[in-house]
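Here's run_39.txt, which has compact mmCIF, C-alpha atoms:
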# COMPACT_ATOMS: atom_id res chain seq x y z
CA MET A 18 0.00 0.00 0.00
CA PHE A 19 2.79 2.45 0.88
CA ASP A 20 6.57 2.44 1.34
CA CYS A 21 9.08 5.09 2.32
CA ILE A 22 12.63 5.40 3.64
CA LEU A 23 13.74 7.88 6.28
CA ASP A 24 17.47 8.24 6.87
CA ASP A 25 17.14 10.67 9.80
CA VAL A 26 14.29 9.93 12.20
CA SER A 27 15.19 12.55 14.82
CA ILE A 28 12.69 15.27 13.87
CA PHE A 29 9.90 12.78 13.23
CA ARG A 30 10.62 11.05 16.54
CA ASP A 31 10.78 14.34 18.48
CA SER A 32 7.43 15.37 17.00
CA LEU A 33 5.75 12.09 17.93
CA ALA A 34 7.20 12.33 21.43
CA THR A 35 5.31 15.58 21.97
CA ILE A 36 2.14 14.51 20.16
CA SER A 37 1.90 11.24 22.10
CA GLU A 38 1.78 13.19 25.38
CA LEU A 39 -1.60 14.50 24.23
CA ILE A 40 -2.88 11.78 21.91
CA GLU A 41 -2.29 8.04 22.34
CA GLU A 42 -3.93 6.75 19.14
CA SER A 43 -4.56 8.54 15.88
CA GLN A 44 -4.85 8.28 12.14
CA LEU A 45 -1.81 9.12 10.07
CA LYS A 46 -2.91 10.42 6.70
CA ILE A 47 -0.48 9.61 3.90
CA LYS A 48 -0.78 12.16 1.10
CA LYS A 49 1.20 13.22 -1.94
CA ASN A 50 2.96 16.03 -0.05
CA GLY A 51 3.69 14.01 3.07
CA ILE A 52 2.26 12.54 6.26
CA GLU A 53 -0.38 14.47 8.21
CA LEU A 54 -2.21 14.15 11.52
CA LEU A 55 -5.18 16.15 12.77
CA ALA A 56 -6.67 14.99 16.06
CA SER A 57 -7.89 16.19 19.44
CA ASP A 58 -7.12 14.87 22.88
CA ARG A 59 -9.80 12.87 24.70
CA ALA A 60 -10.99 15.88 26.67
CA VAL A 61 -11.31 17.88 23.42
CA VAL A 62 -9.34 20.72 24.98
CA ALA A 63 -6.44 20.59 22.52
CA VAL A 64 -6.08 19.80 18.82
CA VAL A 65 -2.84 18.72 17.14
CA ASP A 66 -2.18 19.62 13.50
CA PHE A 67 0.99 17.90 12.23
CA LYS A 68 2.53 17.89 8.76
CA PHE A 69 5.73 16.02 7.91
CA TYR A 70 6.57 16.71 4.29
CA ALA A 71 7.67 14.19 1.66
CA LYS A 72 10.95 16.07 1.12
CA ASN A 73 12.17 14.65 4.45
CA PHE A 74 12.24 11.13 3.05
CA LYS A 75 15.05 9.50 1.08
CA GLU A 76 12.32 7.64 -0.81
CA TYR A 77 8.58 8.35 -0.72
CA ASN A 78 6.61 5.91 -2.87
CA TYR A 79 3.19 7.53 -2.92
CA SER A 80 0.40 6.12 -5.10
CA SER A 81 -2.83 7.34 -3.48
CA ASP A 82 -4.15 8.92 -0.27
CA ILE A 83 -4.56 6.46 2.60
CA SER A 84 -5.19 6.71 6.34
CA ILE A 85 -3.74 4.31 8.88
CA GLY A 86 -4.74 4.02 12.52
CA ILE A 87 -1.77 3.57 14.82
CA ASN A 88 -0.89 3.63 18.51
CA LEU A 89 1.51 6.58 18.62
CA SER A 90 3.12 5.51 21.87
CA ASN A 91 4.01 2.11 20.43
CA LEU A 92 5.40 3.68 17.26
CA LEU A 93 7.47 6.09 19.34
CA GLN A 94 8.94 3.24 21.38
CA VAL A 95 10.17 1.62 18.17
CA LEU A 96 11.62 4.87 16.82
CA LYS A 97 13.54 5.34 20.06
CA ARG A 98 15.40 2.14 19.17
CA VAL A 99 16.81 3.74 16.00
CA LYS A 100 20.45 4.83 16.30
CA ALA A 101 21.92 7.95 14.74
CA ASN A 102 23.58 6.08 11.86
CA GLU A 103 20.58 3.88 11.01
CA ILE A 104 17.86 4.31 8.39
CA VAL A 105 14.24 3.18 8.65
CA GLU A 106 12.10 1.65 5.94
CA PHE A 107 8.35 1.94 6.50
CA HIS A 108 6.03 -0.57 4.83
CA VAL A 109 2.25 -0.26 5.16
CA SER A 110 0.05 -3.27 4.37
CA GLU A 111 -3.65 -3.89 4.87
CA SER A 112 -3.24 -4.87 8.50
CA ASN A 113 0.08 -3.62 9.84
CA LEU A 114 2.94 -1.15 9.73
CA SER A 115 6.36 -2.74 9.37
CA LEU A 116 9.55 -0.85 10.25
CA LEU A 117 12.87 -2.17 8.98
CA ILE A 118 15.81 -0.61 10.83
CA LYS A 119 19.08 -0.91 8.90
CA GLY A 120 22.54 -0.20 10.20
CA GLU A 121 25.22 -2.64 11.32
CA SER A 122 22.35 -5.11 11.55
CA THR A 123 18.81 -5.30 10.24
CA ARG A 124 15.93 -5.29 12.69
CA ARG A 125 12.23 -5.51 11.98
CA PHE A 126 9.26 -4.36 14.05
CA THR A 127 5.63 -4.93 13.12
CA LEU A 128 2.80 -2.85 14.61
CA PRO A 129 -0.89 -3.58 14.05
CA LEU A 130 -3.10 -1.04 12.35
CA ILE A 131 -6.15 -0.16 14.42
CA ASP A 132 -9.60 1.12 13.60
CA ILE A 133 -9.94 4.69 14.84
CA ARG A 134 -12.82 7.11 14.41
CA GLU A 135 -11.41 10.55 14.97
CA GLU A 136 -13.50 13.48 16.05
CA VAL A 137 -12.07 16.96 15.67
CA PRO A 138 -14.14 19.87 17.05
CA SER A 139 -16.36 21.30 14.33
CA GLY A 140 -15.37 24.72 13.09
CA ILE A 141 -11.70 24.28 13.96
CA GLU A 142 -10.74 25.08 10.36
CA ARG A 143 -12.63 28.38 10.52
CA LEU A 144 -10.75 29.82 13.47
CA SER A 145 -9.23 33.23 12.79
CA PHE A 146 -6.39 34.62 14.88
CA PRO A 147 -6.04 38.42 14.77
CA VAL A 148 -2.88 38.58 16.91
CA LYS A 149 0.40 36.87 16.04
CA VAL A 150 3.64 36.86 18.04
CA GLU A 151 6.92 35.34 16.85
CA PHE A 152 9.71 34.94 19.38
CA SER A 153 12.26 32.52 20.79
CA SER A 154 10.86 29.14 21.76
CA GLU A 155 13.32 29.09 24.66
CA LEU A 156 11.84 32.35 25.96
CA LEU A 157 8.39 30.77 25.77
CA ASN A 158 9.72 27.83 27.75
CA ASP A 159 11.11 30.26 30.34
CA GLY A 160 7.71 31.93 30.66
CA ILE A 161 5.95 28.58 31.06
CA GLU A 162 8.41 27.34 33.69
CA ASP A 163 8.18 30.63 35.60
CA ALA A 164 4.38 30.54 35.54
CA ASP A 165 4.37 26.95 36.76
CA LEU A 166 5.95 28.10 40.02
CA VAL A 167 2.95 30.21 41.02
CA SER A 168 -0.16 28.96 39.20
CA ASP A 169 -1.82 26.25 37.13
CA SER A 170 -2.64 28.69 34.33
CA ILE A 171 -0.79 31.25 32.25
CA ILE A 172 -1.85 34.61 30.81
CA PHE A 173 -0.74 35.93 27.43
CA GLU A 174 -1.24 39.65 26.90
CA VAL A 175 -0.29 41.67 23.83
CA SER A 176 -0.32 45.29 22.70
CA LYS A 177 1.33 46.81 19.64
CA ASN A 178 4.50 47.43 21.67
CA ASP A 179 4.77 44.53 24.14
CA PHE A 180 4.03 40.88 24.65
CA ILE A 181 3.64 39.74 28.25
CA ILE A 182 3.62 36.24 29.71
CA LYS A 183 2.43 36.20 33.32
CA ALA A 184 0.83 34.13 36.04
CA GLU A 185 -0.88 34.99 39.30
CA GLY A 186 -1.23 32.81 42.37
CA ASP A 187 -2.85 33.43 45.74
CA SER A 188 0.11 35.43 46.99
CA SER A 189 2.73 35.19 44.22
CA SER A 190 3.04 36.37 40.64
CA THR A 191 5.49 36.37 37.76
CA GLU A 192 5.85 38.34 34.55
CA LEU A 193 8.02 38.07 31.44
CA ARG A 194 7.86 41.07 29.10
CA LEU A 195 9.11 41.14 25.49
CA GLU A 196 9.39 44.32 23.44
CA HIS A 197 8.17 44.43 19.84
CA GLY A 198 11.06 44.68 17.39
CA LYS A 199 13.64 43.54 19.95
CA GLN A 200 12.68 40.24 21.59
CA ALA A 201 9.45 39.61 19.65
CA LYS A 202 7.74 40.35 16.37
CA ILE A 203 4.09 41.31 16.91
CA ALA A 204 1.53 41.38 14.09
CA GLY A 205 -2.05 42.61 14.51
CA ASP A 206 -3.60 45.94 15.36
CA LYS A 207 -5.47 45.13 18.55
CA ASN A 208 -4.79 44.37 22.19
CA ALA A 209 -5.58 40.87 23.43
CA LYS A 210 -5.46 38.94 26.69
CA ALA A 211 -6.29 35.30 27.43
CA ARG A 212 -5.60 32.57 29.98
CA TYR A 213 -4.61 28.96 29.17
CA SER A 214 -3.87 25.72 30.99
CA LEU A 215 -0.25 25.18 31.99
CA ASP A 216 -0.68 21.40 32.07
CA TYR A 217 -1.22 21.42 28.32
CA LEU A 218 1.40 24.03 27.50
CA LYS A 219 4.07 22.18 29.47
CA LYS A 220 3.54 19.26 27.10
CA MET A 221 3.34 21.36 23.94
CA ILE A 222 6.52 23.31 24.63
CA LYS A 223 8.53 20.11 24.28
CA ALA A 224 8.12 20.63 20.53
CA ARG A 225 10.65 23.47 20.74
CA LYS A 226 13.23 20.91 19.59
CA ILE A 227 11.70 21.35 16.15
CA SER A 228 12.30 25.09 15.86
CA SER A 229 14.04 27.87 17.74
CA VAL A 230 11.07 30.13 16.90
CA ALA A 231 7.61 29.84 18.42
CA ILE A 232 4.62 31.33 16.62
CA LEU A 233 1.78 32.16 18.98
CA GLU A 234 -1.64 33.33 17.71
CA PHE A 235 -4.66 34.19 19.85
CA ASP A 236 -7.32 36.74 20.80
CA THR A 237 -9.08 37.79 24.00
CA ASN A 238 -10.68 34.75 25.68
CA TYR A 239 -10.18 32.80 22.45
CA PRO A 240 -8.36 29.60 21.44
CA LEU A 241 -4.59 29.72 21.09
CA ARG A 242 -2.58 28.35 18.18
CA LEU A 243 1.05 27.54 18.92
CA THR A 244 3.24 26.52 15.98
CA PHE A 245 6.76 25.18 15.58
CA ALA A 246 7.92 24.77 11.99
CA GLN A 247 10.74 24.34 9.52
CA PRO A 248 9.76 25.54 6.02
CA GLU A 249 9.03 22.73 3.55
CA LYS A 250 10.04 20.13 6.15
CA ILE A 251 7.69 20.10 9.12
CA SER A 252 4.88 21.98 10.84
CA LEU A 253 3.52 21.11 14.27
CA SER A 254 0.66 23.25 15.58
CA PHE A 255 -1.43 23.01 18.71
CA ILE A 256 -4.81 24.64 19.20
CA LEU A 257 -5.72 25.07 22.86
CA ALA A 258 -9.04 26.18 24.33
CA PRO A 259 -8.90 29.19 26.68
CA ARG A 260 -9.62 29.06 30.38
CA ILE A 261 -12.41 31.49 31.14
CA GLU A 262 -12.32 32.69 34.74
CA GLU A 263 -15.63 33.64 36.29

Take the structure in the file and write it out as structure tokens.
Amino acid sequence: MFDCILDDVSIFRDSLATISELIEESQLKIKKNGIELLASDRAVVAVVDFKFYAKNFKEYNYSSDISIGINLSNLLQVLKRVKANEIVEFHVSESNLSLLIKGESTRRFTLPLIDIREEVPSGIERLSFPVKVEFSSELLNDGIEDADLVSDSIIFEVSKNDFIIKAEGDSSSTELRLEHGKQAKIAGDKNAKARYSLDYLKKMIKARKISSVAILEFDTNYPLRLTFAQPEKISLSFILAPRIEE
């Protein structure tokens, strides 16, 4: 049904490591331009949008669009067994995914394909984000780790001149401020402020291995889209529902 060869699994493996923290089982959609995943976590609080482009592969023998259901945690465990100097051949049949790991030796793993009915929140494709902030993914990690010391939620606040990451506890608070044009690039002509769950963001920020730049899009009391990408190679986005405080 489908065959491909990947001679560097590191980016693919790092992506799955983050995705599998949110989603255990999912459909991988094999398309002409590459492999895609669009799925929500069980609580339907977060959606993952993943694209791993065909240019990453040494060989990509596409014939038609197919979808395969796979346990992402099991696939990740196999990919963790791949050494830096080894290549992986993927073979998809009607009932399983076979991975042939070639280096000093040849090892084979076979994983069953599973029947999955995925449900992504309706209207997700129609979301519009009027505010966009591009900045260092390590600075975002700093803001998340700081916020985790004082609260279970984080606040993003933006104006045309500043982007602020802050958290407020019962008696403690923290704030990280980035100036437009210096530490951050801000696009959009409105102010916005929203609160999000730190539990989710602590998992999502692990995707910073993919890119040194984080792209954060949101609006006041509106879903957040967080993206890590390498042009023409990979895009990993997370959409996270806001926490509305009464």

Exercise for review: Kindly give the distance, in Å, that separates atom CA of A:Lys49 and atom CA of A:Leu33, rounded to a single decimal.
Suggested key: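 One can read the atom CA of A:Lys49 to atom CA of A:Leu33 distance as 20.4 Å.
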
Point to revise | Near-stretch 100-113 of chain A list (12 Å; all atoms listed in the file; drop same-chain fewer than 4 positions) as number ranges by chain | key: A: 18-30, 45-47, 74-79, 83-88, 92, 95-96, 117-132

Output of the above residues as a short mmCIF file (atom, residue, chain, number, x, y, z; two decimals), in the frame of the given file, restricted to C-alpha atoms:
data_model
loop_
_atom_site.label_atom_id
_atom_site.label_comp_id
_atom_site.auth_asym_id
_atom_site.auth_seq_id
_atom_site.Cartn_x
_atom_site.Cartn_y
_atom_site.Cartn_z
CA MET A 18 0.00 0.00 0.00
CA PHE A 19 2.79 2.45 0.88
CA ASP A 20 6.57 2.44 1.34
CA CYS A 21 9.08 5.09 2.32
CA ILE A 22 12.63 5.40 3.64
CA LEU A 23 13.74 7.88 6.28
CA ASP A 24 17.47 8.24 6.87
CA ASP A 25 17.14 10.67 9.80
CA VAL A 26 14.29 9.93 12.20
CA SER A 27 15.19 12.55 14.82
CA ILE A 28 12.69 15.27 13.87
CA PHE A 29 9.90 12.78 13.23
CA ARG A 30 10.62 11.05 16.54
CA LEU A 45 -1.81 9.12 10.07
CA LYS A 46 -2.91 10.42 6.70
CA ILE A 47 -0.48 9.61 3.90
CA PHE A 74 12.24 11.13 3.05
CA LYS A 75 15.05 9.50 1.08
CA GLU A 76 12.32 7.64 -0.81
CA TYR A 77 8.58 8.35 -0.72
CA ASN A 78 6.61 5.91 -2.87
CA TYR A 79 3.19 7.53 -2.92
CA ILE A 83 -4.56 6.46 2.60
CA SER A 84 -5.19 6.71 6.34
CA ILE A 85 -3.74 4.31 8.88
CA GLY A 86 -4.74 4.02 12.52
CA ILE A 87 -1.77 3.57 14.82
CA ASN A 88 -0.89 3.63 18.51
CA LEU A 92 5.40 3.68 17.26
CA VAL A 95 10.17 1.62 18.17
CA LEU A 96 11.62 4.87 16.82
CA LEU A 117 12.87 -2.17 8.98
CA ILE A 118 15.81 -0.61 10.83
CA LYS A 119 19.08 -0.91 8.90
CA GLY A 120 22.54 -0.20 10.20
CA GLU A 121 25.22 -2.64 11.32
CA SER A 122 22.35 -5.11 11.55
CA THR A 123 18.81 -5.30 10.24
CA ARG A 124 15.93 -5.29 12.69
CA ARG A 125 12.23 -5.51 11.98
CA PHE A 126 9.26 -4.36 14.05
CA THR A 127 5.63 -4.93 13.12
CA LEU A 128 2.80 -2.85 14.61
CA PRO A 129 -0.89 -3.58 14.05
CA LEU A 130 -3.10 -1.04 12.35
CA ILE A 131 -6.15 -0.16 14.42
CA ASP A 132 -9.60 1.12 13.60
#

Practice item. Return the single residue from A:Val62, A:Val99, A:Lys68, A:Glu142 that is closest to A:Ala246, with distances computed using all atoms listed in the file. Key: A:Lys68

Could the residues of stretch 114-151 of chain A that have an atom at most 12 Å from stretch 162-184 of chain A be listed as CSV, each with its closest atom pair and the distance in Å to one decimal, counting only C-alpha atoms and ordered by chain and ascending residue number?
residue,atom,partner,partner_atom,distance
A:Pro147,CA,A:Val175,CA,11.2
A:Val148,CA,A:Val175,CA,8.0
A:Lys149,CA,A:Val175,CA,9.2
A:Val150,CA,A:Phe180,CA,7.7
A:Glu151,CA,A:Phe180,CA,10.0

Using C-alpha atoms, can you export the residues from the last selection as an mmCIF file, in the frame of the given file?
data_model
loop_
_atom_site.group_PDB
_atom_site.id
_atom_site.type_symbol
_atom_site.label_atom_id
_atom_site.label_comp_id
_atom_site.auth_asym_id
_atom_site.auth_seq_id
_atom_site.Cartn_x
_atom_site.Cartn_y
_atom_site.Cartn_z
ATOM 1 C CA PRO A 147 -6.040 38.420 14.770
ATOM 2 C CA VAL A 148 -2.880 38.580 16.910
ATOM 3 C CA LYS A 149 0.400 36.870 16.040
ATOM 4 C CA VAL A 150 3.640 36.860 18.040
ATOM 5 C CA GLU A 151 6.920 35.340 16.850
#

So that all listed atoms of stretch 202-221 of chain A fit with 4 Å spare on each side, what axis-aligned box centre and edge lengths in Å, to one decimal, would you give as lines of an AutoDock Vina configuration file?
center_x = 0.7
center_y = 32.6
center_z = 23.1
size_x = 22.0
size_y = 34.7
size_z = 26.0

Review point. What's the 10 Å shell around A:Val61, counting only C-alpha atoms, without same-chain residues fewer than 4 positions away, as a PyMOL selection string?
Key: chain A and resi 56-57+136-138+257-258

Within 9 Å of (-0.2, 15.2, 24.8), in the coordinates the file gives, what residues turn up when you count all atoms listed in the file, written out as a PDB file with C-alpha atoms, in the frame of the given file?
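Dumped everything to selection.pdb:
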ATOM      1  CA  ALA A  34       7.200  12.330  21.430  1.00  0.00           C
ATOM      2  CA  THR A  35       5.310  15.580  21.970  1.00  0.00           C
ATOM      3  CA  ILE A  36       2.140  14.510  20.160  1.00  0.00           C
ATOM      4  CA  SER A  37       1.900  11.240  22.100  1.00  0.00           C
ATOM      5  CA  GLU A  38       1.780  13.190  25.380  1.00  0.00           C
ATOM      6  CA  LEU A  39      -1.600  14.500  24.230  1.00  0.00           C
ATOM      7  CA  ILE A  40      -2.880  11.780  21.910  1.00  0.00           C
ATOM      8  CA  GLU A  41      -2.290   8.040  22.340  1.00  0.00           C
ATOM      9  CA  ASP A  58      -7.120  14.870  22.880  1.00  0.00           C
ATOM     10  CA  ALA A  63      -6.440  20.590  22.520  1.00  0.00           C
ATOM     11  CA  VAL A  65      -2.840  18.720  17.140  1.00  0.00           C
ATOM     12  CA  TYR A 217      -1.220  21.420  28.320  1.00  0.00           C
ATOM     13  CA  LYS A 220       3.540  19.260  27.100  1.00  0.00           C
ATOM     14  CA  MET A 221       3.340  21.360  23.940  1.00  0.00           C
TER      15      MET A 221
END

Review point. Which distance in Å separates atom CA of A:Phe235 and atom CA of A:Glu185, to one decimal?
Key: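 Computed distance, atom CA of A:Phe235 to atom CA of A:Glu185, equals 19.8 Å.
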
Review point. Taking only C-alpha atoms into account, which of A:Leu193, A:Ile222, A:Ile203, A:Ile227 comes nearest A:Ser32?
Key: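 That would be A:Ile227, the residue with the smallest distance to A:Ser32.
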
Review point. Which is closer to A:Arg225 than all the others in A:Thr244, A:Thr191, A:Ser154, A:Lys207, using all atoms listed in the file?
Key: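 Going through A:Thr244, A:Thr191, A:Ser154, A:Lys207 one by one, the smallest distance to A:Arg225 is for A:Ser154.
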
May I have the residues within 9 Å of A:Phe245 as a short mmCIF file (atom, residue, chain, number, x, y, z; two decimals) with C-alpha atoms, keeping the file's coordinate frame, using all atoms listed in the file and disregarding those fewer than 5 positions away in the same chain?
data_model
loop_
_atom_site.label_atom_id
_atom_site.label_comp_id
_atom_site.auth_asym_id
_atom_site.auth_seq_id
_atom_site.Cartn_x
_atom_site.Cartn_y
_atom_site.Cartn_z
CA SER A 154 10.86 29.14 21.76
CA ALA A 224 8.12 20.63 20.53
CA ARG A 225 10.65 23.47 20.74
CA LYS A 226 13.23 20.91 19.59
CA ILE A 227 11.70 21.35 16.15
CA SER A 228 12.30 25.09 15.86
CA SER A 229 14.04 27.87 17.74
CA VAL A 230 11.07 30.13 16.90
CA ALA A 231 7.61 29.84 18.42
CA ILE A 232 4.62 31.33 16.62
CA ILE A 251 7.69 20.10 9.12
CA SER A 252 4.88 21.98 10.84
CA LEU A 253 3.52 21.11 14.27
CA SER A 254 0.66 23.25 15.58
#

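Between A:Gln94 and the candidates A:Phe67, A:Asp31, A:Asn73, A:Ala209, the tightest atom-to-atom separation, counting only C-alpha atoms, involves A:Asp31.
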
Check your understanding: Between atom CA of A:Leu233 and atom CA of A:Phe152, what is the distance, to one decimal in Å?
Key -> 8.4 Å

Atom completion result for stretch 127-154 of chain A (N, CA and C atoms) as a PDB file, in the coordinates of the input:
ATOM      1  N   THR A 127       6.932  -4.951  13.766  1.00  0.00           N
ATOM      2  CA  THR A 127       5.630  -4.930  13.120  1.00  0.00           C
ATOM      3  C   THR A 127       4.580  -4.461  14.120  1.00  0.00           C
ATOM      4  N   LEU A 128       3.844  -3.412  13.749  1.00  0.00           N
ATOM      5  CA  LEU A 128       2.800  -2.850  14.610  1.00  0.00           C
ATOM      6  C   LEU A 128       1.451  -3.020  13.921  1.00  0.00           C
ATOM      7  N   PRO A 129       0.424  -3.397  14.674  1.00  0.00           N
ATOM      8  CA  PRO A 129      -0.890  -3.580  14.050  1.00  0.00           C
ATOM      9  C   PRO A 129      -1.546  -2.243  13.729  1.00  0.00           C
ATOM     10  N   LEU A 130      -2.268  -2.194  12.638  1.00  0.00           N
ATOM     11  CA  LEU A 130      -3.100  -1.040  12.350  1.00  0.00           C
ATOM     12  C   LEU A 130      -4.416  -1.191  13.095  1.00  0.00           C
ATOM     13  N   ILE A 131      -4.950  -0.101  13.599  1.00  0.00           N
ATOM     14  CA  ILE A 131      -6.150  -0.160  14.420  1.00  0.00           C
ATOM     15  C   ILE A 131      -7.234   0.725  13.814  1.00  0.00           C
ATOM     16  N   ASP A 132      -8.459   0.374  14.114  1.00  0.00           N
ATOM     17  CA  ASP A 132      -9.600   1.120  13.600  1.00  0.00           C
ATOM     18  C   ASP A 132      -9.885   2.296  14.540  1.00  0.00           C
ATOM     19  N   ILE A 133      -9.758   3.494  14.022  1.00  0.00           N
ATOM     20  CA  ILE A 133      -9.940   4.690  14.840  1.00  0.00           C
ATOM     21  C   ILE A 133     -10.926   5.618  14.152  1.00  0.00           C
ATOM     22  N   ARG A 134     -11.896   6.080  14.901  1.00  0.00           N
ATOM     23  CA  ARG A 134     -12.820   7.110  14.410  1.00  0.00           C
ATOM     24  C   ARG A 134     -12.461   8.405  15.109  1.00  0.00           C
ATOM     25  N   GLU A 135     -11.874   9.307  14.367  1.00  0.00           N
ATOM     26  CA  GLU A 135     -11.410  10.550  14.970  1.00  0.00           C
ATOM     27  C   GLU A 135     -12.476  11.624  14.910  1.00  0.00           C
ATOM     28  N   GLU A 136     -12.551  12.376  15.986  1.00  0.00           N
ATOM     29  CA  GLU A 136     -13.500  13.480  16.050  1.00  0.00           C
ATOM     30  C   GLU A 136     -12.749  14.756  16.411  1.00  0.00           C
ATOM     31  N   VAL A 137     -12.681  15.652  15.454  1.00  0.00           N
ATOM     32  CA  VAL A 137     -12.070  16.960  15.670  1.00  0.00           C
ATOM     33  C   VAL A 137     -13.184  17.972  15.854  1.00  0.00           C
ATOM     34  N   PRO A 138     -13.069  18.889  16.826  1.00  0.00           N
ATOM     35  CA  PRO A 138     -14.140  19.870  17.050  1.00  0.00           C
ATOM     36  C   PRO A 138     -14.562  20.567  15.766  1.00  0.00           C
ATOM     37  N   SER A 139     -15.855  20.643  15.538  1.00  0.00           N
ATOM     38  CA  SER A 139     -16.360  21.300  14.330  1.00  0.00           C
ATOM     39  C   SER A 139     -16.013  22.779  14.355  1.00  0.00           C
ATOM     40  N   GLY A 140     -15.703  23.309  13.205  1.00  0.00           N
ATOM     41  CA  GLY A 140     -15.370  24.720  13.090  1.00  0.00           C
ATOM     42  C   GLY A 140     -13.916  25.046  13.336  1.00  0.00           C
ATOM     43  N   ILE A 141     -13.108  24.026  13.628  1.00  0.00           N
ATOM     44  CA  ILE A 141     -11.700  24.280  13.960  1.00  0.00           C
ATOM     45  C   ILE A 141     -10.982  24.930  12.777  1.00  0.00           C
ATOM     46  N   GLU A 142     -11.395  24.544  11.550  1.00  0.00           N
ATOM     47  CA  GLU A 142     -10.740  25.080  10.360  1.00  0.00           C
ATOM     48  C   GLU A 142     -11.139  26.533  10.089  1.00  0.00           C
ATOM     49  N   ARG A 143     -12.164  27.011  10.758  1.00  0.00           N
ATOM     50  CA  ARG A 143     -12.630  28.380  10.520  1.00  0.00           C
ATOM     51  C   ARG A 143     -12.108  29.378  11.552  1.00  0.00           C
ATOM     52  N   LEU A 144     -11.297  28.917  12.466  1.00  0.00           N
ATOM     53  CA  LEU A 144     -10.750  29.820  13.470  1.00  0.00           C
ATOM     54  C   LEU A 144      -9.885  30.895  12.813  1.00  0.00           C
ATOM     55  N   SER A 145     -10.009  32.107  13.293  1.00  0.00           N
ATOM     56  CA  SER A 145      -9.230  33.230  12.790  1.00  0.00           C
ATOM     57  C   SER A 145      -8.500  33.877  13.955  1.00  0.00           C
ATOM     58  N   PHE A 146      -7.210  34.110  13.781  1.00  0.00           N
ATOM     59  CA  PHE A 146      -6.390  34.620  14.880  1.00  0.00           C
ATOM     60  C   PHE A 146      -5.869  36.013  14.527  1.00  0.00           C
ATOM     61  N   PRO A 147      -6.413  37.055  15.148  1.00  0.00           N
ATOM     62  CA  PRO A 147      -6.040  38.420  14.770  1.00  0.00           C
ATOM     63  C   PRO A 147      -4.698  38.886  15.316  1.00  0.00           C
ATOM     64  N   VAL A 148      -4.150  38.175  16.302  1.00  0.00           N
ATOM     65  CA  VAL A 148      -2.880  38.580  16.910  1.00  0.00           C
ATOM     66  C   VAL A 148      -1.860  37.463  16.705  1.00  0.00           C
ATOM     67  N   LYS A 149      -0.661  37.845  16.292  1.00  0.00           N
ATOM     68  CA  LYS A 149       0.400  36.870  16.040  1.00  0.00           C
ATOM     69  C   LYS A 149       1.708  37.385  16.642  1.00  0.00           C
ATOM     70  N   VAL A 150       2.370  36.505  17.410  1.00  0.00           N
ATOM     71  CA  VAL A 150       3.640  36.860  18.040  1.00  0.00           C
ATOM     72  C   VAL A 150       4.675  35.796  17.689  1.00  0.00           C
ATOM     73  N   GLU A 151       5.800  36.244  17.151  1.00  0.00           N
ATOM     74  CA  GLU A 151       6.920  35.340  16.850  1.00  0.00           C
ATOM     75  C   GLU A 151       8.078  35.692  17.773  1.00  0.00           C
ATOM     76  N   PHE A 152       8.608  34.695  18.451  1.00  0.00           N
ATOM     77  CA  PHE A 152       9.710  34.940  19.380  1.00  0.00           C
ATOM     78  C   PHE A 152      10.419  33.621  19.685  1.00  0.00           C
ATOM     79  N   SER A 153      11.446  33.691  20.489  1.00  0.00           N
ATOM     80  CA  SER A 153      12.260  32.520  20.790  1.00  0.00           C
ATOM     81  C   SER A 153      11.464  31.461  21.537  1.00  0.00           C
ATOM     82  N   SER A 154      11.543  30.230  21.063  1.00  0.00           N
ATOM     83  CA  SER A 154      10.860  29.140  21.760  1.00  0.00           C
ATOM     84  C   SER A 154      11.445  28.891  23.139  1.00  0.00           C
TER      85      SER A 154
END
